[in-house]
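What follows is a single structure, written as structure tokens, with notes after it.
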Amino acid sequence: MVSAIVILIIVMALLGAPVFAVLSAFALLGFYVSGVPFAALIVDVYSQFSNNPVLYTIPIFTFAGFILSESKASTRVVNVSQAMLGWLPGGFAIVSLCACAFFTSFTGASGVTIIAIGGLLYPALIKDGYSEKFTLGLLTSSGSLGLLFFPSLPIIIYGVVSKTSIPQLFAAGLIPGIFLILILSLYSIMTGKKTQAKRVSISFHQILTTASVAKWELFIPVILLAGIFSGIVTLGEVASILVLYTFIVEVFVHKDIALGRFPAIFKESMVLVGAIFIIIGSALTLTTYMIDEEIPMRILAFIQEYITSPYVFLIALNVFLLGVGCLMDIYSALVVVVPIIVPIAISYGIDPVHLGIIFLANLEIGYSTPPLGLNLFISSIRFDTSIITLYRACVPYIMILILGLMVITYVPWMSLFLITQFSIQ
């Protein structure tokens, strides 16, 4: 009977059943077989939600990200980036990388970046002399670039699920995130030289002019840095300040968004938040069952029997997470896989903060990894291009990012330097 139900759930998943339904079905089946009262299960999951002081920041940060994506902030950020970096070989490609990373840090790897600013960047890159293959690969792989920067929603969720300090995770992601942008920028510079892509002369007047127009958006990282790492305000208060700030700037300063548009923006952002919370609740239920049945400890014992070196474990972990990243959405991957991986990694002496950066860097790459990376399908729709074409276009970027992932994985200093240097708690 139980085997038949398991097969039925697997078939449901293969037929496209929602992730939360599959997770909940497995969890309920497990508790039913174990004889645990469902009432006790509900109380346990509710307590994990109600006792978590960070979960309430998720809808606030998400709302701020949607406000920015609805405004013309992307155009202003691109303009100032172009004025500062357009003189370099491959300058506009680097501008695109920076702009995508900026917006992904606010919207998460939800495809919003590709949809919101892909239409702005794609024709501009083609016009500047970049090939279609290069442009498609750049924008597709950059659609998840920026997950390591604050106030990235996946970082917050990882911190919640793994019970790791979120300020430490924000600090840990800064250097690795910049490193990934730098190595992609080097590739863009080499491509720009080969294709003789259009460059602009550096103009301090143009830099000052575009920076003046975009100054309110450029001030956002300062607010976040000061708020998160000063200790003066809580993470939730920083999120609330960010919403108020973006609301005032985009409605009353730039006047990009009419007040009447806000109910729709709020609804769109909360639909995403609701989906995330449903997945988190379902995954917490399954996680509770696995912990009660000591499944992580069994997996740990099995792995330790065959893998003794932490270096070999990290290789296996990266291969596994790349597969997870291209098969599952990032929120499901975080709440399902993290509770299993964290205790195993700690047993090998891997810092949970460093593990978080490895985890997110893998998922960042997985979004563009064939055959099922989500960014591939979003780009296919956004740019009206075949999936096979996008597979080929993304290969160079995936190889570069995997090289960067190896450095991040085996040089923990990159993730932990700022934490130890400034004693971030």
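Residue numbers start at 1 in each chain; chains themselves are named A, B, ... in the order of the structure tokens; ligands are numbered from 1 in the order shown.
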
Find the nearest atom pair between each residue of range 177-285 of chain A and range 403-422 of chain A for residues within 8 Å, count only C-alpha atoms, give distances in Å to one decimal, sort rows by chain and ascending number, and present the table as a tab-separated table.
```
residue	atom	partner	partner_atom	distance
A:Phe179	CA	A:Gly404	CA	7.5
A:Leu180	CA	A:Gly404	CA	6.1
A:Ile183	CA	A:Gly404	CA	7.4
```

Shell around Ser380 in chain A at 9 Å using only C-alpha atoms, local window under 5 positions removed, as a list in words: Asn375, Thr385, Ser386, Ile387, Thr389 and Leu390 of chain A

Writer output for current selection, C-alpha atoms, as a CSV table (one decimal), in the first residue's frame:
```
chain,number,residue,atom,x,y,z
A,375,ASN,CA,16.7,31.0,-16.8
A,385,THR,CA,14.8,31.9,-29.1
A,386,SER,CA,15.0,28.1,-29.1
A,387,ILE,CA,16.2,26.3,-26.0
A,389,THR,CA,20.4,27.9,-29.1
A,390,LEU,CA,20.5,29.0,-25.5
```

Quick one: everything within 12 Å of Phe266 in chain A, counting only C-alpha atoms, minus sequence neighbours fewer than 5 positions away in the same chain. Send it as an mmCIF file with C-alpha atoms, in the first residue's frame.
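Printed below is result-v1.cif as written:
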```cif
data_model
loop_
_atom_site.group_PDB
_atom_site.id
_atom_site.type_symbol
_atom_site.label_atom_id
_atom_site.label_comp_id
_atom_site.auth_asym_id
_atom_site.auth_seq_id
_atom_site.Cartn_x
_atom_site.Cartn_y
_atom_site.Cartn_z
ATOM 1 C CA PRO A 59 7.684 39.938 2.069
ATOM 2 C CA ILE A 60 9.137 43.366 2.895
ATOM 3 C CA PHE A 61 12.330 42.920 0.858
ATOM 4 C CA THR A 62 10.334 41.317 -1.966
ATOM 5 C CA PHE A 63 7.963 44.292 -2.123
ATOM 6 C CA ALA A 64 10.920 46.695 -2.333
ATOM 7 C CA GLY A 65 12.393 44.650 -5.193
ATOM 8 C CA PHE A 66 9.133 44.725 -7.145
ATOM 9 C CA ILE A 67 8.867 48.507 -6.705
ATOM 10 C CA GLU A 70 8.365 48.423 -11.967
ATOM 11 C CA VAL A 243 10.412 49.959 1.184
ATOM 12 C CA PHE A 247 8.335 54.220 -2.459
ATOM 13 C CA LEU A 259 -0.045 55.621 -6.722
ATOM 14 C CA GLY A 260 -2.885 53.696 -8.320
ATOM 15 C CA ARG A 261 -0.412 51.083 -9.551
ATOM 16 C CA VAL A 271 1.808 36.123 -4.793
ATOM 17 C CA LEU A 272 5.517 35.273 -5.000
ATOM 18 C CA VAL A 273 5.868 35.518 -1.209
ATOM 19 C CA GLY A 274 2.824 33.304 -0.696
#
```

Test item: residues at most 8 Å from Leu363 in chain A, only C-alpha atoms, excluding those fewer than 5 positions along its chain, as a PyMOL selection string: chain A and resi 321-322+324-326+330

For the residues in the current selection, export N, CA and C atoms as an mmCIF file, in the first residue's frame.
```cif
data_model
loop_
_atom_site.group_PDB
_atom_site.id
_atom_site.type_symbol
_atom_site.label_atom_id
_atom_site.label_comp_id
_atom_site.auth_asym_id
_atom_site.auth_seq_id
_atom_site.Cartn_x
_atom_site.Cartn_y
_atom_site.Cartn_z
ATOM 1 N N LEU A 321 24.844 19.695 -6.077
ATOM 2 C CA LEU A 321 24.106 20.963 -6.025
ATOM 3 C C LEU A 321 23.884 21.554 -7.410
ATOM 4 N N LEU A 322 24.819 21.350 -8.327
ATOM 5 C CA LEU A 322 24.593 21.811 -9.702
ATOM 6 C C LEU A 322 23.390 21.087 -10.306
ATOM 7 N N VAL A 324 20.895 19.819 -8.529
ATOM 8 C CA VAL A 324 19.724 20.343 -7.819
ATOM 9 C C VAL A 324 19.320 21.698 -8.407
ATOM 10 N N GLY A 325 20.333 22.544 -8.699
ATOM 11 C CA GLY A 325 20.058 23.895 -9.185
ATOM 12 C C GLY A 325 19.339 23.928 -10.513
ATOM 13 N N CYS A 326 19.590 22.933 -11.372
ATOM 14 C CA CYS A 326 18.925 22.953 -12.669
ATOM 15 C C CYS A 326 17.646 22.129 -12.693
ATOM 16 N N ILE A 330 14.935 27.599 -6.694
ATOM 17 C CA ILE A 330 15.907 27.857 -5.628
ATOM 18 C C ILE A 330 15.294 27.780 -4.233
#
```

Contacts of Leu218 in chain A within 12 Å, only C-alpha atoms, excl. fewer than 2 positions in-chain, as a list in words: Ala73, Ser74, Arg76, Val77, Val78, Asn79, Val80, Ser81, Ala99, Phe102, Thr210, Ala211, Ser212, Val213, Ala214, Lys215, Trp216, Ile220, Pro221, Val222, Ile223, Leu224, Thr246 and Val249 of chain A

CA of Leu235 in chain A to CA of Tyr56 in chain A, distance in Å rounded to a single decimal: 9.8 Å

Long-range neighbours of Gly137 in chain A as JSON, numbers by chain, 12 Å cut-off, only C-alpha atoms, 4 positions minimum in chain: {"A": [93, 96, 97, 114, 118, 122, 125, 130, 131, 132, 133, 141, 142, 143, 184, 187, 188, 368, 369, 375, 376, 379, 380, 383, 385, 387, 388, 389, 390, 391, 392, 393, 394, 395, 396, 397, 398, 399, 400]}

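Taking only C-alpha atoms into account, Thr288 in chain A lies nearest to A:Ile340 out of the set A:Val238, A:Leu145, A:Ile340, A:Ile166.
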
Among the residues A:Thr308, A:Ser71, A:Leu14, A:Gly30, the one that comes closest to Ile257 in chain A [using only C-alpha atoms]: A:Ser71

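Counting only C-alpha atoms, the residue from A:Leu29, A:Gln206, A:Ile365, A:Ala264 that sits nearest to Gln82 in chain A is A:Gln206.
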
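In this model, the gap between CA of Leu68 in chain A and CA of Ile358 in chain A comes to 27.9 Å.
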
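Among the candidates A:Leu360, A:Glu217, A:Ile10, A:Leu186, the one nearest to Thr75 in chain A when counting only C-alpha atoms is A:Glu217.
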
Test item, helix (DSSP H, G or I) assignment across range 250-379 of chain A, answer as a PyMOL selection string: chain A and resi 250-253+259-292+295-306+310-327+330-347+352-366+374-379
